[in-house]
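Chemist: So that you have it, the file is my_file.txt, and it contains compact mmCIF, C-alpha atoms and all ligand atoms:
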# COMPACT_ATOMS: atom_id res chain seq x y z
CA MET A 1 16.96 11.86 36.97
CA GLY A 2 20.34 13.48 36.84
CA GLU A 3 23.27 14.64 34.79
CA PRO A 4 24.21 12.79 31.62
CA HIS A 5 26.24 9.65 32.34
CA GLY A 6 28.59 7.42 30.39
CA ASP A 7 28.01 7.57 26.65
CA ARG A 8 25.43 10.28 27.09
CA ALA A 9 28.05 12.56 28.63
CA ALA A 10 29.38 12.83 25.09
CA ALA A 11 25.93 13.75 23.74
CA PRO A 12 25.54 16.89 21.64
CA ASP A 13 25.06 20.18 23.48
CA ALA A 14 21.37 20.45 22.66
CA LEU A 15 20.66 17.06 24.24
CA ILE A 16 22.76 17.86 27.29
CA LYS A 17 20.76 21.06 27.65
CA ALA A 18 17.48 19.10 27.56
CA ILE A 19 18.78 16.55 30.09
CA ARG A 20 19.92 19.31 32.45
CA MET A 21 16.61 21.12 32.06
CA ARG A 22 14.77 17.97 33.08
CA SER A 23 17.09 17.46 35.98
CA VAL A 24 16.62 21.02 37.28
CA MET A 25 12.87 20.78 36.78
CA ASN A 26 12.76 17.56 38.77
CA CYS A 27 14.81 19.04 41.61
CA HIS A 28 12.55 22.06 41.69
CA ARG A 29 9.31 20.10 41.78
CA LEU A 30 10.66 17.76 44.46
CA ALA A 31 11.68 20.72 46.61
CA GLU A 32 8.29 22.38 46.04
CA ALA A 33 6.43 19.26 47.15
CA TYR A 34 8.21 19.35 50.53
CA ARG A 35 7.23 22.96 51.25
CA GLU A 36 4.75 23.40 54.07
CA THR A 37 2.43 25.50 51.95
CA SER A 38 2.30 23.20 48.92
CA LYS A 39 -0.80 21.17 48.20
CA VAL A 40 0.34 17.70 47.28
CA ALA A 41 -1.76 15.06 45.56
CA TYR A 42 -0.35 11.54 45.53
CA VAL A 43 -1.17 10.10 42.14
CA SER A 44 -0.79 6.74 40.53
CA GLU A 45 1.07 6.08 37.31
CA GLN A 46 -0.49 7.55 34.13
CA PHE A 47 -2.91 9.56 36.22
CA PRO A 48 -4.49 12.49 34.29
CA THR A 49 -2.33 15.16 35.90
CA GLU A 50 -4.08 17.96 33.97
CA VAL A 51 -6.83 17.62 36.61
CA VAL A 52 -4.30 18.06 39.42
CA PHE A 53 -2.62 21.10 37.89
CA ALA A 54 -6.05 22.64 37.21
CA ALA A 55 -6.77 22.32 40.94
CA GLY A 56 -3.51 24.09 41.84
CA ALA A 57 -1.97 20.98 43.43
CA MET A 58 1.31 19.22 42.85
CA PRO A 59 1.14 15.61 41.59
CA TRP A 60 3.46 13.16 43.35
CA ASN A 61 3.69 9.92 41.42
CA ILE A 62 4.50 7.42 44.13
CA GLU A 63 5.56 4.60 41.80
CA SER A 64 7.88 6.63 39.59
CA MET A 65 9.54 8.11 42.65
CA ALA A 66 10.47 4.57 43.67
CA ILE A 67 13.08 4.48 40.94
CA MET A 68 15.01 7.11 42.88
CA LEU A 69 15.36 4.47 45.54
CA ALA A 70 17.30 2.29 43.16
CA GLN A 71 20.01 4.93 43.16
CA SER A 72 20.03 5.24 46.93
CA VAL A 73 22.64 3.57 49.11
CA ASP A 74 20.11 2.93 51.84
CA VAL A 75 17.68 0.96 49.72
CA ASN A 76 17.99 -2.16 51.88
CA ARG A 77 16.94 -0.32 55.01
CA ILE A 78 13.80 0.86 53.22
CA PHE A 79 12.88 -2.69 52.21
CA GLN A 80 13.70 -3.96 55.68
CA LEU A 81 11.11 -1.56 57.09
CA THR A 82 8.43 -3.03 54.83
CA GLN A 83 9.36 -6.55 55.92
CA GLU A 84 9.19 -5.55 59.58
CA LYS A 85 5.62 -4.44 58.86
CA GLY A 86 4.83 -7.80 57.28
CA LEU A 87 4.60 -6.69 53.64
CA SER A 88 5.15 -9.74 51.46
CA ARG A 89 8.36 -9.84 49.43
CA ASP A 90 6.31 -11.27 46.58
CA ILE A 91 4.86 -7.82 45.97
CA CYS A 92 6.82 -5.89 43.34
CA SER A 93 9.46 -3.47 44.58
CA PHE A 94 7.73 -0.62 42.73
CA LEU A 95 5.05 -0.94 45.42
CA ARG A 96 7.18 -2.05 48.37
CA GLY A 97 9.62 0.80 47.72
CA PRO A 98 7.08 3.64 48.02
CA HIS A 99 5.51 1.89 51.01
CA GLY A 100 8.90 1.78 52.73
CA MET A 101 9.52 5.42 51.85
CA MET A 102 6.26 6.34 53.55
CA LEU A 103 7.11 4.24 56.61
CA ALA A 104 10.44 6.08 56.79
CA ASN A 105 8.61 9.41 56.41
CA CYS A 106 10.66 10.23 53.34
CA TYR A 107 7.82 11.26 51.05
CA PRO A 108 6.09 14.64 51.38
CA THR A 109 2.80 14.62 53.27
CA PRO A 110 -0.13 14.49 50.86
CA ASP A 111 -3.29 16.57 51.10
CA VAL A 112 -5.19 14.07 49.01
CA VAL A 113 -4.64 10.73 47.29
CA LEU A 114 -5.96 10.41 43.75
CA THR A 115 -5.90 7.02 42.19
CA ASN A 116 -6.76 5.19 39.10
CA ASP A 117 -6.54 1.42 38.79
CA GLN A 118 -3.62 1.81 36.41
CA PRO A 119 -1.33 0.28 35.63
CA CYS A 120 -2.54 -2.29 38.12
CA GLU A 121 -4.90 -2.79 41.03
CA GLY A 122 -1.90 -3.36 43.32
CA LEU A 123 -1.00 0.28 42.91
CA ALA A 124 -4.58 1.33 43.63
CA LYS A 125 -4.44 -0.66 46.89
CA GLN A 126 -1.11 0.89 47.77
CA MET A 127 -2.67 4.33 47.22
CA CYS A 128 -5.49 3.47 49.65
CA LEU A 129 -2.89 2.46 52.25
CA ALA A 130 -1.19 5.82 51.73
CA GLY A 131 -4.48 7.62 52.35
CA LYS A 132 -4.95 5.69 55.61
CA ARG A 133 -1.42 6.35 56.77
CA PHE A 134 -1.71 10.10 56.32
CA ASP A 135 -5.41 10.24 57.16
CA VAL A 136 -6.31 12.16 54.02
CA PRO A 137 -9.15 11.62 51.51
CA VAL A 138 -8.62 8.97 48.86
CA ILE A 139 -10.54 9.66 45.67
CA ALA A 140 -10.43 6.65 43.40
CA MET A 141 -11.39 6.19 39.80
CA ASN A 142 -12.21 2.94 38.07
CA THR A 143 -11.17 2.61 34.44
CA PRO A 144 -12.76 -0.24 32.51
CA GLU A 145 -10.88 -2.02 29.75
CA SER A 146 -13.59 -1.68 27.12
CA PHE A 147 -13.20 1.24 24.78
CA ASP A 148 -16.68 2.43 23.86
CA GLU A 149 -18.89 5.46 24.48
CA ASP A 150 -20.46 3.99 27.64
CA ALA A 151 -17.07 3.29 29.17
CA ILE A 152 -15.67 6.69 28.16
CA GLY A 153 -18.70 8.49 29.61
CA TYR A 154 -18.42 6.45 32.83
CA VAL A 155 -14.78 7.49 33.30
CA ALA A 156 -15.46 11.13 32.37
CA ARG A 157 -18.23 11.35 35.00
CA GLN A 158 -15.88 9.96 37.62
CA ILE A 159 -13.29 12.60 36.79
CA GLU A 160 -15.95 15.27 37.09
CA ARG A 161 -16.98 13.96 40.52
CA MET A 162 -13.33 13.78 41.54
CA ARG A 163 -12.98 17.46 40.71
CA GLU A 164 -16.11 18.30 42.66
CA ARG A 165 -14.90 16.42 45.74
CA MET A 166 -11.49 18.05 45.59
CA ALA A 167 -13.20 21.43 45.55
CA ALA A 168 -15.74 20.65 48.28
CA GLU A 169 -13.53 18.74 50.72
CA LEU A 170 -10.17 20.38 50.17
CA GLY A 171 -10.87 23.76 48.68
CA LEU A 172 -8.85 22.69 45.64
CA GLU A 173 -10.93 24.62 43.15
CA GLY A 174 -10.42 23.57 39.60
CA SER A 175 -12.38 26.04 37.49
CA SER A 176 -13.19 25.13 33.91
CA GLU A 177 -10.77 27.89 32.82
CA SER A 178 -7.91 26.37 34.81
CA LEU A 179 -8.69 22.95 33.37
CA GLN A 180 -8.71 24.40 29.88
CA ARG A 181 -5.35 26.03 30.54
CA ALA A 182 -3.85 22.79 31.83
CA VAL A 183 -5.21 20.88 28.83
CA ALA A 184 -3.77 23.48 26.45
CA PHE A 185 -0.33 23.18 28.12
CA SER A 186 -0.64 19.42 27.95
CA ASN A 187 -1.39 19.58 24.22
CA ASP A 188 1.44 22.02 23.50
CA ALA A 189 3.89 19.70 25.22
CA ARG A 190 2.38 16.66 23.53
CA GLU A 191 2.86 18.22 20.11
CA TYR A 192 6.63 18.45 20.70
CA TYR A 193 6.64 14.99 22.26
CA ARG A 194 4.89 13.51 19.23
CA LYS A 195 7.22 15.27 16.79
CA THR A 196 10.22 13.91 18.69
CA VAL A 197 8.83 10.37 18.53
CA ALA A 198 8.20 10.85 14.78
CA LEU A 199 11.90 11.64 14.27
CA LEU A 200 12.73 8.26 15.75
CA GLU A 201 10.82 6.62 12.90
CA THR A 202 13.34 7.84 10.40
CA HIS A 203 16.51 8.38 12.44
CA LYS A 204 18.55 6.60 15.04
CA LEU A 205 19.01 9.21 17.73
CA PRO A 206 21.02 8.01 20.72
CA GLY A 207 19.67 9.21 24.05
CA ILE A 208 16.36 10.54 22.73
CA SER A 209 14.20 7.53 23.57
CA ARG A 210 15.52 7.62 27.13
CA GLU A 211 14.55 11.24 27.53
CA LEU A 212 11.09 10.53 26.14
CA GLN A 213 10.80 7.78 28.71
CA GLU A 214 11.90 10.11 31.51
CA ILE A 215 9.31 12.71 30.49
CA PHE A 216 6.64 10.00 30.36
CA GLY A 217 7.66 8.89 33.87
CA MET A 218 7.53 12.46 35.21
CA ASN A 219 3.96 12.75 33.87
CA TYR A 220 4.08 16.51 34.07
CA PHE A 221 1.61 17.07 31.25
CA GLY A 222 -0.57 20.04 32.17
CA ALA A 223 2.29 22.15 33.57
CA ARG A 224 3.66 25.07 31.57
CA GLU A 225 7.26 24.00 32.29
CA ASN A 226 6.70 20.71 30.54
CA VAL A 227 6.08 22.54 27.27
CA THR A 228 9.54 24.12 27.55
CA LEU A 229 11.08 20.75 28.36
CA CYS A 230 9.41 18.89 25.47
CA LYS A 231 10.35 21.70 23.10
CA ALA A 232 14.00 21.52 24.20
CA LEU A 233 14.02 17.78 23.63
CA TYR A 234 12.47 18.15 20.19
CA GLN A 235 15.09 20.74 19.24
CA ALA A 236 17.82 18.39 20.44
CA ALA A 237 16.36 15.50 18.43
CA ALA A 238 16.03 17.66 15.31
CA GLU A 239 19.66 18.77 15.61
CA LEU A 240 20.82 15.23 16.16
CA ALA A 241 18.81 14.08 13.12
CA LYS A 242 20.79 16.47 10.89
CA ALA A 243 23.97 14.61 11.77
CA ALA A 244 22.08 11.34 11.18
CA PRO A 245 24.11 9.33 13.70
CA GLY A 246 23.99 5.59 13.21
CA GLY A 247 23.10 3.08 15.86
CA GLY A 248 22.92 -0.64 16.34
CA LYS A 249 19.97 -2.87 15.63
CA ARG A 250 16.84 -1.75 17.36
CA VAL A 251 15.20 -3.51 20.24
CA ILE A 252 12.30 -2.35 22.34
CA TRP A 253 12.44 -2.55 26.08
CA ILE A 254 9.01 -3.80 27.17
CA GLY A 255 7.97 -3.40 30.77
CA GLN A 256 9.24 -1.42 33.72
CA VAL A 257 12.36 0.66 33.13
CA PRO A 258 15.41 0.87 35.42
CA GLU A 259 17.30 4.02 36.31
CA GLU A 260 19.41 5.27 33.43
CA THR A 261 22.81 4.07 34.65
CA HIS A 262 21.65 0.51 35.28
CA GLU A 263 24.26 -2.08 34.24
CA LEU A 264 21.83 -3.98 32.00
CA LEU A 265 21.16 -0.86 29.96
CA ARG A 266 24.85 0.01 29.74
CA HIS A 267 25.72 -3.54 28.73
CA MET A 268 23.05 -3.86 26.05
CA SER A 269 23.47 -0.35 24.65
CA ARG A 270 26.96 -1.25 23.50
CA GLU A 271 25.45 -3.64 20.95
CA VAL A 272 21.91 -2.47 20.21
CA GLU A 273 19.84 0.67 20.21
CA ILE A 274 17.17 0.53 22.91
CA LEU A 275 13.80 2.14 22.34
CA TYR A 276 11.51 2.25 25.32
CA TRP A 277 8.02 0.92 24.86
CA ALA A 278 5.79 3.44 26.63
CA PRO A 279 6.69 6.62 24.70
CA LEU A 280 5.56 4.88 21.51
CA TRP A 281 2.08 4.01 22.80
CA ASN A 282 -0.85 5.59 21.08
CA ALA A 283 -2.08 6.98 24.42
CA ASN A 284 1.15 8.96 24.70
CA LEU A 285 0.89 10.45 21.23
CA ARG A 286 -2.68 11.76 21.33
CA SER A 287 -3.72 15.34 21.83
CA LEU A 288 -6.72 16.05 24.02
CA ASP A 289 -9.85 17.52 22.49
CA GLU A 290 -9.98 20.97 24.10
CA THR A 291 -13.73 21.25 23.48
CA ARG A 292 -14.43 17.97 25.34
CA SER A 293 -11.55 17.77 27.78
CA LEU A 294 -12.93 15.26 30.25
CA HIS A 295 -14.22 12.96 27.54
CA SER A 296 -10.84 13.08 25.89
CA ILE A 297 -8.93 12.50 29.15
CA ALA A 298 -11.21 9.52 29.80
CA GLU A 299 -10.43 8.05 26.38
CA ARG A 300 -6.72 8.34 27.03
CA ALA A 301 -7.11 6.76 30.48
CA ILE A 302 -8.74 3.68 28.96
CA LEU A 303 -6.08 3.43 26.27
CA TYR A 304 -3.39 3.30 28.96
CA HIS A 305 -4.58 -0.14 30.07
CA TRP A 306 -2.25 -2.98 29.17
CA ASN A 307 -4.97 -4.61 27.10
CA ALA A 308 -3.52 -7.57 25.20
CA GLU A 309 -5.74 -7.16 22.13
CA ARG A 310 -5.11 -3.44 21.67
CA MET A 311 -1.45 -3.80 22.59
CA SER A 312 -0.98 -6.37 19.86
CA VAL A 313 -2.35 -3.90 17.28
CA GLU A 314 -0.07 -1.21 18.69
CA LEU A 315 2.94 -3.48 18.44
CA GLU A 316 2.26 -4.08 14.74
CA ARG A 317 2.39 -0.33 14.18
CA ILE A 318 5.46 0.15 16.39
CA CYS A 319 7.44 -2.68 14.77
CA ASP A 320 6.65 -1.45 11.26
CA ARG A 321 7.29 2.21 11.84
CA PHE A 322 10.34 1.97 14.05
CA SER A 323 12.02 -1.02 12.36
CA VAL A 324 12.18 -3.02 15.55
CA GLU A 325 14.21 -6.23 15.36
CA GLY A 326 14.16 -7.46 18.92
CA PHE A 327 12.06 -7.48 22.10
CA VAL A 328 13.45 -7.36 25.61
CA ILE A 329 10.56 -8.42 27.81
CA VAL A 330 11.29 -7.32 31.33
CA ASN A 331 9.68 -9.63 33.82
CA VAL A 332 9.88 -7.62 37.00
CA TRP A 333 9.69 -9.61 40.22
CA GLY A 334 6.10 -9.65 41.50
CA CYS A 335 4.56 -7.75 38.58
CA ARG A 336 1.35 -9.52 37.65
CA ASN A 337 0.75 -7.04 34.88
CA ILE A 338 3.76 -8.09 32.84
CA ALA A 339 3.21 -11.74 33.75
CA GLY A 340 -0.29 -11.43 32.28
CA ILE A 341 0.70 -9.83 29.00
CA SER A 342 3.98 -11.70 28.39
CA PRO A 343 2.47 -14.70 26.55
CA MET A 344 0.90 -12.32 24.01
CA LEU A 345 4.26 -10.55 23.59
CA ARG A 346 6.13 -13.80 23.00
CA ASP A 347 3.49 -15.12 20.58
CA PHE A 348 3.58 -11.84 18.71
CA ALA A 349 7.38 -11.92 18.47
CA ALA A 350 7.36 -15.54 17.26
CA ARG A 351 4.71 -14.76 14.61
CA ARG A 352 6.62 -11.73 13.35
CA LYS A 353 9.97 -13.55 13.61
CA ILE A 354 11.28 -10.96 16.02
CA LYS A 355 14.10 -12.11 18.25
CA HIS A 356 13.16 -11.85 21.88
CA ILE A 357 14.35 -12.47 25.39
CA THR A 358 12.48 -12.46 28.67
CA ILE A 359 14.64 -11.41 31.59
CA ASN A 360 13.70 -11.88 35.22
CA VAL A 361 14.86 -8.90 37.20
CA ASP A 362 14.11 -6.61 40.08
CA LEU A 363 14.92 -3.04 39.18
CA VAL A 364 14.71 -1.54 42.66
CA ASP A 365 15.38 -4.29 45.22
CA ARG A 366 18.86 -5.70 44.59
CA ASN A 367 18.12 -8.69 46.81
CA ASN A 368 16.07 -10.21 44.01
CA TYR A 369 18.46 -9.78 41.14
CA ALA A 370 22.10 -10.18 40.18
CA PHE A 371 23.55 -9.08 36.85
CA ASN A 372 25.60 -12.27 36.54
CA HIS A 373 22.46 -14.37 36.65
CA VAL A 374 21.06 -12.82 33.49
CA LYS A 375 24.25 -11.81 31.68
CA ASN A 376 24.81 -15.11 29.83
CA ARG A 377 21.31 -15.12 28.40
CA VAL A 378 21.51 -11.44 27.52
CA ASP A 379 24.84 -12.05 25.74
CA ALA A 380 23.32 -14.91 23.76
CA PHE A 381 20.46 -12.63 22.74
CA LEU A 382 22.86 -9.86 21.72
CA GLU A 383 24.84 -12.33 19.67
CA LEU A 384 21.67 -13.39 17.88
CA MET A 385 20.93 -9.76 17.13
CA GLN A 386 24.20 -9.33 15.24
S1 LIG B 401 2.63 -4.88 39.79
FE1 LIG B 401 3.72 -4.18 37.94
S2 LIG B 401 2.47 -2.55 37.13
FE2 LIG B 401 1.81 -2.85 39.24
S3 LIG B 401 3.04 -1.41 40.44
FE3 LIG B 401 4.15 -3.34 40.39
S4 LIG B 401 5.59 -3.17 38.68
FE4 LIG B 401 4.01 -1.56 38.44
What is this file in structure tokens?
Ligand code: SF4
Modeler:
Amino acid sequence: MGEPHGDRAAAPDALIKAIRMRSVMNCHRLAEAYRETSKVAYVSEQFPTEVVFAAGAMPWNIESMAIMLAQSVDVNRIFQLTQEKGLSRDICSFLRGPHGMMLANCYPTPDVVLTNDQPCEGLAKQMCLAGKRFDVPVIAMNTPESFDEDAIGYVARQIERMRERMAAELGLEGSSESLQRAVAFSNDAREYYRKTVALLETHKLPGISRELQEIFGMNYFGARENVTLCKALYQAAAELAKAAPGGGKRVIWIGQVPEETHELLRHMSREVEILYWAPLWNANLRSLDETRSLHSIAERAILYHWNAERMSVELERICDRFSVEGFVIVNVWGCRNIAGISPMLRDFAARRKIKHITINVDLVDRNNYAFNHVKNRVDAFLELMQ
């Protein structure tokens, strides 16, 4: 979330400008969320934030914010608090971290908790705990895995009811005009986002995939500022493409992503170019239909599920278009989601003769991970990639 580090400090001016813009935007939105007068909605990952912006509230993604913890010196104290409250250490640190932050009163106080069962039901449960702790309404949405008209209509109706409840119980009025505006901002930003991803198909652009990942993690689609940010990143990528910088062999990082200065990333980036998985997903490249906003938001919500069958089709497209030669499957401690989809990923890689490694890590709680424990295997993988 901060200034360019390491290799990226030598990035071209346009990219540095985009990184700084993101950094300033993040600082601003964090500061805004802590203001007494702000209306804050805790949201889960990949939540349709257009709905939140339309209601005049500020989305606070509790899971993404956990990655800030990884950069904090006091991370152990936060985890200790969760243990004192009996939270099992087998739960992933992306859930324990936010829980500890709430116990330590470090997060802003929410006015409402909005949750989707994505990317996992563990997060949905964590969101319910947050609602109880702050004694605020929890409005939950269920997103089925099946992608058909019945399922899309079912999700769209839930979003409509969510909007009605926010208006009735909290006075968070989301008029159809404000929703349309948020959707239009979302689409404008998405257009730049998609064009930036398209440049990665034909060019190796150091630093760009990371920024796409950061913007995905911020999930600020629906805010006007995000259009400016995505445009700045696209301009940086286009400028970089003119110089056509090289890059090592390409691998995709599959699973949860650590903070940008993490030693594993620094170590691997010396030998290979890392593309992050999520920015390449179909769900992240689609525009919303402005004439059927809720229907379209519902479609995207279903596509965000880590559905093994659909993901396998997506991977075919990603590997072909982005010339991927290796998979780094990141098995985060306690993440049932990645544990569930990993066999499909390994089978896929074997079938396509893609070199792959599964690493067991914890990206937030250092008690569950040591670089030296994975370094030998990572080095062997990097050697294979040469
Ligand atoms: S279980 Fe996995 S997907 Fe769910 S919150 Fe934890 S890391 Fe994220």
Chemist: Return as AutoDock Vina command-line options the centre and edge lengths, in Å with one decimal, of the box along x, y and z that encloses every atom of ligand LIG 401 (chain B) in the file, padded by 3 Å per side.
Modeler:
--center_x 3.7 --center_y -3.1 --center_z 38.8 --size_x 9.8 --size_y 9.5 --size_z 9.3
Chemist: Identify which of the residues A:Ala238, A:Ile338, A:Ala167, A:Ala350 lies closest to ligand LIG 401 (chain B), counting all atoms listed in the file when measuring atom-to-atom distances.
Modeler: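 Between A:Ala238, A:Ile338, A:Ala167, A:Ala350, the residue approaching ligand LIG 401 (chain B) most closely is A:Ile338.
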Chemist: Give me the residues within 9 Å of Pro108 (chain A) as an MDAnalysis selection string, counting all atoms listed in the file and dropping any in the same chain fewer than 5 places off.
Modeler: chainID A and resid 30 33:35 40 60 102
Chemist: What residues have any atom no more than 10 Å from ligand LIG 401 (chain B) when counting all atoms listed in the file, and can you list them as number ranges by chain?
Modeler: A: 44-45, 62-64, 91-96, 98, 117-126, 255-257, 306, 331-339, 362-363
Chemist: Please, what distance in Å, to one decimal, runs between CA of Glu225 (chain A) and CA of Ser38 (chain A)?
Modeler: 17.4 Å
Chemist: Go through A:Val272, A:Met127, A:Leu285, A:Ile297 and flag the residue nearest Val378 (chain A), using only C-alpha atoms for the distances.
Modeler: A:Val272
Chemist: I want to know what sits within 9 Å of Met141 (chain A), based on all atoms listed in the file, with residues of the same chain fewer than 2 positions away left out; could you give that as a ChimeraX atom specification?
Modeler: /A:114-117,139,143,155,158-159,162
Chemist: Choose the residue, out of A:Val364, A:Glu271, A:Leu303, A:Glu290, that has the smallest atom-to-atom separation from Gln386 (chain A); count all atoms listed in the file.
Modeler: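 Nearest to Gln386 (chain A): A:Glu271.
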Chemist: Compare A:Leu233, A:Arg346, A:Ala298, A:His305 by their minimum atom-to-atom distance to Met21 (chain A), counting only C-alpha atoms, and give me the closest one.
Modeler: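 Nearest to Met21 (chain A): A:Leu233.
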Chemist: Which is closest to Glu259 (chain A) among A:Ile67, A:Asp188, A:Ala31, A:Ser175, if we use all atoms listed in the file?
Modeler: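 Ranking A:Ile67, A:Asp188, A:Ala31, A:Ser175 by distance to Glu259 (chain A), first place goes to A:Ile67.
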Chemist: Please identify all polymer residues within 9 Å of Glu201 (chain A), counting all atoms listed in the file, omitting same-chain residues fewer than 4 positions from it, and present them as a PyMOL selection string.
Modeler: chain A and resi 197+321-323
Chemist: Using the structure just given, write a file holding N, CA and C atoms for region 330-341 of chain A, as a compact mmCIF listing (two decimals), in the first residue's frame.
Modeler:
# COMPACT_ATOMS: atom_id res chain seq x y z
N VAL A 330 -0.43 -21.13 -3.89
CA VAL A 330 -0.11 -20.62 -2.55
C VAL A 330 -1.10 -21.19 -1.54
N ASN A 331 -0.64 -22.18 -0.82
CA ASN A 331 -1.50 -22.86 0.13
C ASN A 331 -1.41 -22.15 1.48
N VAL A 332 -2.30 -21.21 1.65
CA VAL A 332 -2.28 -20.40 2.87
C VAL A 332 -2.83 -21.22 4.05
N TRP A 333 -2.12 -21.13 5.14
CA TRP A 333 -2.50 -21.86 6.37
C TRP A 333 -3.99 -21.63 6.68
N GLY A 334 -4.74 -22.71 6.77
CA GLY A 334 -6.13 -22.61 7.22
C GLY A 334 -7.13 -22.24 6.13
N CYS A 335 -6.66 -22.06 4.89
CA CYS A 335 -7.60 -21.64 3.84
C CYS A 335 -8.21 -22.88 3.18
N ARG A 336 -9.47 -23.12 3.48
CA ARG A 336 -10.13 -24.29 2.91
C ARG A 336 -10.42 -24.08 1.42
N ASN A 337 -10.54 -22.83 1.05
CA ASN A 337 -10.84 -22.51 -0.33
C ASN A 337 -9.73 -22.99 -1.26
N ILE A 338 -8.51 -22.65 -0.92
CA ILE A 338 -7.39 -23.05 -1.78
C ILE A 338 -7.16 -24.56 -1.65
N ALA A 339 -7.39 -25.08 -0.45
CA ALA A 339 -7.22 -26.53 -0.27
C ALA A 339 -8.20 -27.28 -1.19
N GLY A 340 -9.39 -26.71 -1.35
CA GLY A 340 -10.42 -27.36 -2.17
C GLY A 340 -10.10 -27.33 -3.65
N ILE A 341 -9.52 -26.24 -4.10
CA ILE A 341 -9.33 -26.09 -5.55
C ILE A 341 -7.94 -26.55 -6.02
